[in-house]
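Student: Below is one structure. I have some questions about it.
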Amino acid sequence: MQVEEVGAEATYDLRARVLRDGAPEIDVRFSCDDEPAAIHLALGDRRRPVAVASLVPAPTDLRPGRVAWRLRGMAVEPALQGRGLGSLLLDAVVERSRAAGAEVLWAHGRDSALGFYRRRGWSVEGDGYLEVGIPHHTVVLDLATKG
Ligand SMILES: CC(C)(COP(=O)(O)OP(=O)(O)OC[C@H]1O[C@@H](n2cnc3c(N)ncnc32)[C@H](O)[C@@H]1OP(=O)(O)O)[C@@H](O)C(=O)NCCC(=O)NCCS
């Protein structure tokens, strides 16, 4: 299965079903979606992907002075979770961020997904907080700098 770069709208269906519980009143668009530098990745058929993630350059106070990109909207088709698809996509996220010059990746990670990020080498940093009513922590991945 392949990871492809897609338009933001290709991520909306999975975002809505996985991250917004299908609630039609909650907007699945992010303000950064249409930033020229934003990258949207989809795994599988680009018209009906099985996993999606978005990336946008965004500094973080956790790594002052480093070139940082933020991962947003990471979602895997519910029936296919726990089969390695999220890991496959996260590998592509890391590769794509590095290629774009990122030194650090960060995200607001749901507490229920912290184990997923930890297993992929991310660190959980700072105090927890609520976002859309769901407990989160910030997760960070330091990317190896070039020789
Ligand atoms: C979190 C999510 C993206 C992970 O994708 P996935 O395809 O289910 O994960 P994988 O099958 O690639 O799992 C990779 C590893 O992380 C582990 N893992 C996955 N989800 C986990 C979780 N919630 N807690 C702890 N460990 C988890 C798996 O056991 C697996 O471990 P292994 O490599 O030792 O076998 C996906 O489950 C999802 O969309 N969840 C709902 C939405 C969500 O939480 N998105 C993230 C918002 S920050």
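Residue numbers start at 1 in each chain; chains themselves are named A, B, ... in the order of the structure tokens; ligands are numbered from 1 in the order shown.
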Within 12 Å of stretch 39-58 of chain A, which residues of stretch 10-31 of chain A come that close, and what is the closest atom pair and distance in Å for each? Count only C-alpha atoms and give it as JSON lines.

Tutor:
```
{"residue": "A:Ala10", "atom": "CA", "partner": "A:Arg47", "partner_atom": "CA", "distance": 6.6}
{"residue": "A:Thr11", "atom": "CA", "partner": "A:Val52", "partner_atom": "CA", "distance": 5.9}
{"residue": "A:Tyr12", "atom": "CA", "partner": "A:Val52", "partner_atom": "CA", "distance": 9.0}
{"residue": "A:Asp13", "atom": "CA", "partner": "A:Arg48", "partner_atom": "CA", "distance": 8.4}
{"residue": "A:Leu14", "atom": "CA", "partner": "A:Val52", "partner_atom": "CA", "distance": 7.2}
{"residue": "A:Arg15", "atom": "CA", "partner": "A:Val52", "partner_atom": "CA", "distance": 7.9}
{"residue": "A:Ala16", "atom": "CA", "partner": "A:Val52", "partner_atom": "CA", "distance": 11.4}
{"residue": "A:Arg17", "atom": "CA", "partner": "A:Ala51", "partner_atom": "CA", "distance": 11.6}
{"residue": "A:Val18", "atom": "CA", "partner": "A:Ala51", "partner_atom": "CA", "distance": 10.0}
{"residue": "A:Leu19", "atom": "CA", "partner": "A:Val52", "partner_atom": "CA", "distance": 11.1}
{"residue": "A:Arg29", "atom": "CA", "partner": "A:Ser54", "partner_atom": "CA", "distance": 11.1}
{"residue": "A:Phe30", "atom": "CA", "partner": "A:Ser54", "partner_atom": "CA", "distance": 9.7}
{"residue": "A:Ser31", "atom": "CA", "partner": "A:Val56", "partner_atom": "CA", "distance": 10.7}
```

Student: Please give me, as a PyMOL selection string, the residues lying within 6 Å of ligand 1 when counting only C-alpha atoms and all ligand atoms.

Tutor: chain A and resi 18-19+74-76+81-87+108-110+112-116+119

Student: Take the residues just selected and output them with N, CA and C atoms as a short mmCIF file (atom, residue, chain, number, x, y, z; two decimals), in the first residue's frame.

Tutor:
```
data_model
loop_
_atom_site.label_atom_id
_atom_site.label_comp_id
_atom_site.auth_asym_id
_atom_site.auth_seq_id
_atom_site.Cartn_x
_atom_site.Cartn_y
_atom_site.Cartn_z
N VAL A 18 -13.13 9.45 12.48
CA VAL A 18 -12.23 8.94 13.51
C VAL A 18 -11.97 9.97 14.62
N LEU A 19 -11.79 11.22 14.22
CA LEU A 19 -11.38 12.22 15.20
C LEU A 19 -12.54 13.06 15.72
N MET A 74 -3.97 12.84 12.50
CA MET A 74 -3.55 11.45 12.23
C MET A 74 -4.72 10.52 12.54
N ALA A 75 -5.18 9.78 11.54
CA ALA A 75 -6.36 8.92 11.74
C ALA A 75 -6.29 7.69 10.85
N VAL A 76 -6.62 6.55 11.43
CA VAL A 76 -6.66 5.28 10.71
C VAL A 76 -8.10 4.76 10.70
N GLN A 81 -7.55 -0.41 12.45
CA GLN A 81 -6.57 0.03 13.45
C GLN A 81 -5.88 -1.18 14.08
N GLY A 82 -4.64 -0.97 14.52
CA GLY A 82 -3.89 -2.03 15.21
C GLY A 82 -3.25 -3.04 14.27
N ARG A 83 -3.19 -2.70 12.97
CA ARG A 83 -2.59 -3.63 12.00
C ARG A 83 -1.34 -3.06 11.33
N GLY A 84 -0.80 -2.02 11.92
CA GLY A 84 0.46 -1.48 11.39
C GLY A 84 0.30 -0.35 10.39
N LEU A 85 -0.93 0.03 10.03
CA LEU A 85 -1.11 1.08 9.03
C LEU A 85 -0.68 2.44 9.57
N GLY A 86 -1.00 2.70 10.83
CA GLY A 86 -0.60 3.97 11.45
C GLY A 86 0.92 4.10 11.47
N SER A 87 1.60 3.00 11.78
CA SER A 87 3.07 3.02 11.81
C SER A 87 3.63 3.29 10.43
N HIS A 108 -0.18 17.36 19.11
CA HIS A 108 -1.03 17.21 20.28
C HIS A 108 -1.55 15.78 20.23
N GLY A 109 -1.03 14.94 21.09
CA GLY A 109 -1.39 13.52 21.05
C GLY A 109 -2.48 13.19 22.04
N ARG A 110 -3.51 12.52 21.55
CA ARG A 110 -4.54 12.06 22.49
C ARG A 110 -3.90 11.11 23.49
N SER A 112 -5.05 8.53 24.67
CA SER A 112 -5.29 7.14 24.25
C SER A 112 -4.31 6.68 23.17
N ALA A 113 -3.60 7.62 22.54
CA ALA A 113 -2.67 7.24 21.47
C ALA A 113 -1.20 7.42 21.88
N LEU A 114 -0.96 7.79 23.16
CA LEU A 114 0.42 8.07 23.56
C LEU A 114 1.31 6.84 23.43
N GLY A 115 0.75 5.67 23.70
CA GLY A 115 1.52 4.42 23.56
C GLY A 115 1.99 4.22 22.13
N PHE A 116 1.15 4.58 21.18
CA PHE A 116 1.50 4.48 19.76
C PHE A 116 2.71 5.36 19.45
N ARG A 119 6.01 4.14 21.22
CA ARG A 119 6.60 2.98 20.56
C ARG A 119 7.36 3.35 19.30
#
```

Student: How many Å lie between atom CA of A:Pro78 and atom CA of A:Trp122, rounded to one decimal?

Tutor: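 These atoms are spaced 22.7 Å apart.
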
Student: Quick one: everything within 9 Å of A:Thr60, counting only C-alpha atoms, minus sequence neighbours fewer than 2 positions away in the same chain. Send it as a VMD selection string.

Tutor: chain A and resid 58 62 to 70 104 106

Student: For atom CA of A:Leu105 and atom CA of A:Gly73, determine how far apart the two atoms are, in Å to one decimal place.

Tutor: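 Pair atom CA of A:Leu105 / atom CA of A:Gly73 returns 13.8 Å.
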
Student: Quick one: pick out all strand (DSSP E or B) residues within stretch 34-127 of chain A from a backbone DSSP run and write them as a PyMOL selection string.

Tutor: chain A and resi 39-43+51-57+68-76+104-110+123-127

Student: Just list as a PyMOL selection string whatever in stretch 13-145 of chain A DSSP marks as alpha helix (DSSP H).

Tutor: chain A and resi 13-14+85-99+114-119

Student: Keeping N, CA and C atoms for every residue in the selection just given, could you write it to a file as a tab-separated table (two decimals), in the first residue's frame?

Tutor:
```tsv
chain	number	residue	atom	x	y	z
A	13	ASP	N	-13.06	12.99	5.34
A	13	ASP	CA	-13.97	11.91	5.72
A	13	ASP	C	-13.41	11.11	6.90
A	14	LEU	N	-12.13	10.73	6.81
A	14	LEU	CA	-11.54	9.97	7.93
A	14	LEU	C	-11.42	10.83	9.18
A	85	LEU	N	-0.93	0.03	10.03
A	85	LEU	CA	-1.11	1.08	9.03
A	85	LEU	C	-0.68	2.44	9.57
A	86	GLY	N	-1.00	2.70	10.83
A	86	GLY	CA	-0.60	3.97	11.45
A	86	GLY	C	0.92	4.10	11.47
A	87	SER	N	1.60	3.00	11.78
A	87	SER	CA	3.07	3.02	11.81
A	87	SER	C	3.63	3.29	10.43
A	88	LEU	N	3.02	2.66	9.43
A	88	LEU	CA	3.46	2.86	8.04
A	88	LEU	C	3.34	4.34	7.66
A	89	LEU	N	2.20	4.91	8.00
A	89	LEU	CA	1.98	6.32	7.66
A	89	LEU	C	2.91	7.23	8.47
A	90	LEU	N	3.11	6.89	9.74
A	90	LEU	CA	3.98	7.73	10.58
A	90	LEU	C	5.42	7.70	10.04
A	91	ASP	N	5.85	6.56	9.52
A	91	ASP	CA	7.18	6.49	8.90
A	91	ASP	C	7.25	7.47	7.71
A	92	ALA	N	6.18	7.51	6.93
A	92	ALA	CA	6.15	8.42	5.78
A	92	ALA	C	6.13	9.88	6.24
A	93	VAL	N	5.42	10.13	7.34
A	93	VAL	CA	5.37	11.48	7.91
A	93	VAL	C	6.79	11.93	8.29
A	94	VAL	N	7.53	11.05	8.93
A	94	VAL	CA	8.90	11.37	9.36
A	94	VAL	C	9.78	11.63	8.13
A	95	GLU	N	9.68	10.73	7.17
A	95	GLU	CA	10.49	10.85	5.94
A	95	GLU	C	10.19	12.17	5.22
A	96	ARG	N	8.91	12.47	5.08
A	96	ARG	CA	8.47	13.68	4.35
A	96	ARG	C	8.89	14.94	5.10
A	97	SER	N	8.82	14.92	6.43
A	97	SER	CA	9.21	16.08	7.24
A	97	SER	C	10.70	16.34	7.11
A	98	ARG	N	11.47	15.26	7.20
A	98	ARG	CA	12.93	15.39	7.05
A	98	ARG	C	13.26	16.00	5.69
A	99	ALA	N	12.60	15.48	4.65
A	99	ALA	CA	12.86	15.97	3.29
A	99	ALA	C	12.51	17.46	3.18
A	114	LEU	N	-0.96	7.79	23.16
A	114	LEU	CA	0.42	8.07	23.56
A	114	LEU	C	1.31	6.84	23.43
A	115	GLY	N	0.75	5.67	23.70
A	115	GLY	CA	1.52	4.42	23.56
A	115	GLY	C	1.99	4.22	22.13
A	116	PHE	N	1.15	4.58	21.18
A	116	PHE	CA	1.50	4.48	19.76
A	116	PHE	C	2.71	5.36	19.45
A	117	TYR	N	2.67	6.61	19.91
A	117	TYR	CA	3.78	7.53	19.64
A	117	TYR	C	5.05	7.07	20.37
A	118	ARG	N	4.91	6.69	21.63
A	118	ARG	CA	6.09	6.25	22.39
A	118	ARG	C	6.79	5.09	21.70
A	119	ARG	N	6.01	4.14	21.22
A	119	ARG	CA	6.60	2.98	20.56
A	119	ARG	C	7.36	3.35	19.30
```

Student: So what do you get for atom CA of A:Glu103 versus atom CA of A:Asp33, distance-wise?

Tutor: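 Between these atoms lies a distance of 21.1 Å.
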
Student: May I ask which of the residues A:Ala8, A:Ala100, A:Met1, A:Leu71 is the closest one to A:Leu141, counting only C-alpha atoms?

Tutor: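 Of all the options, A:Leu71 lies closest to A:Leu141.
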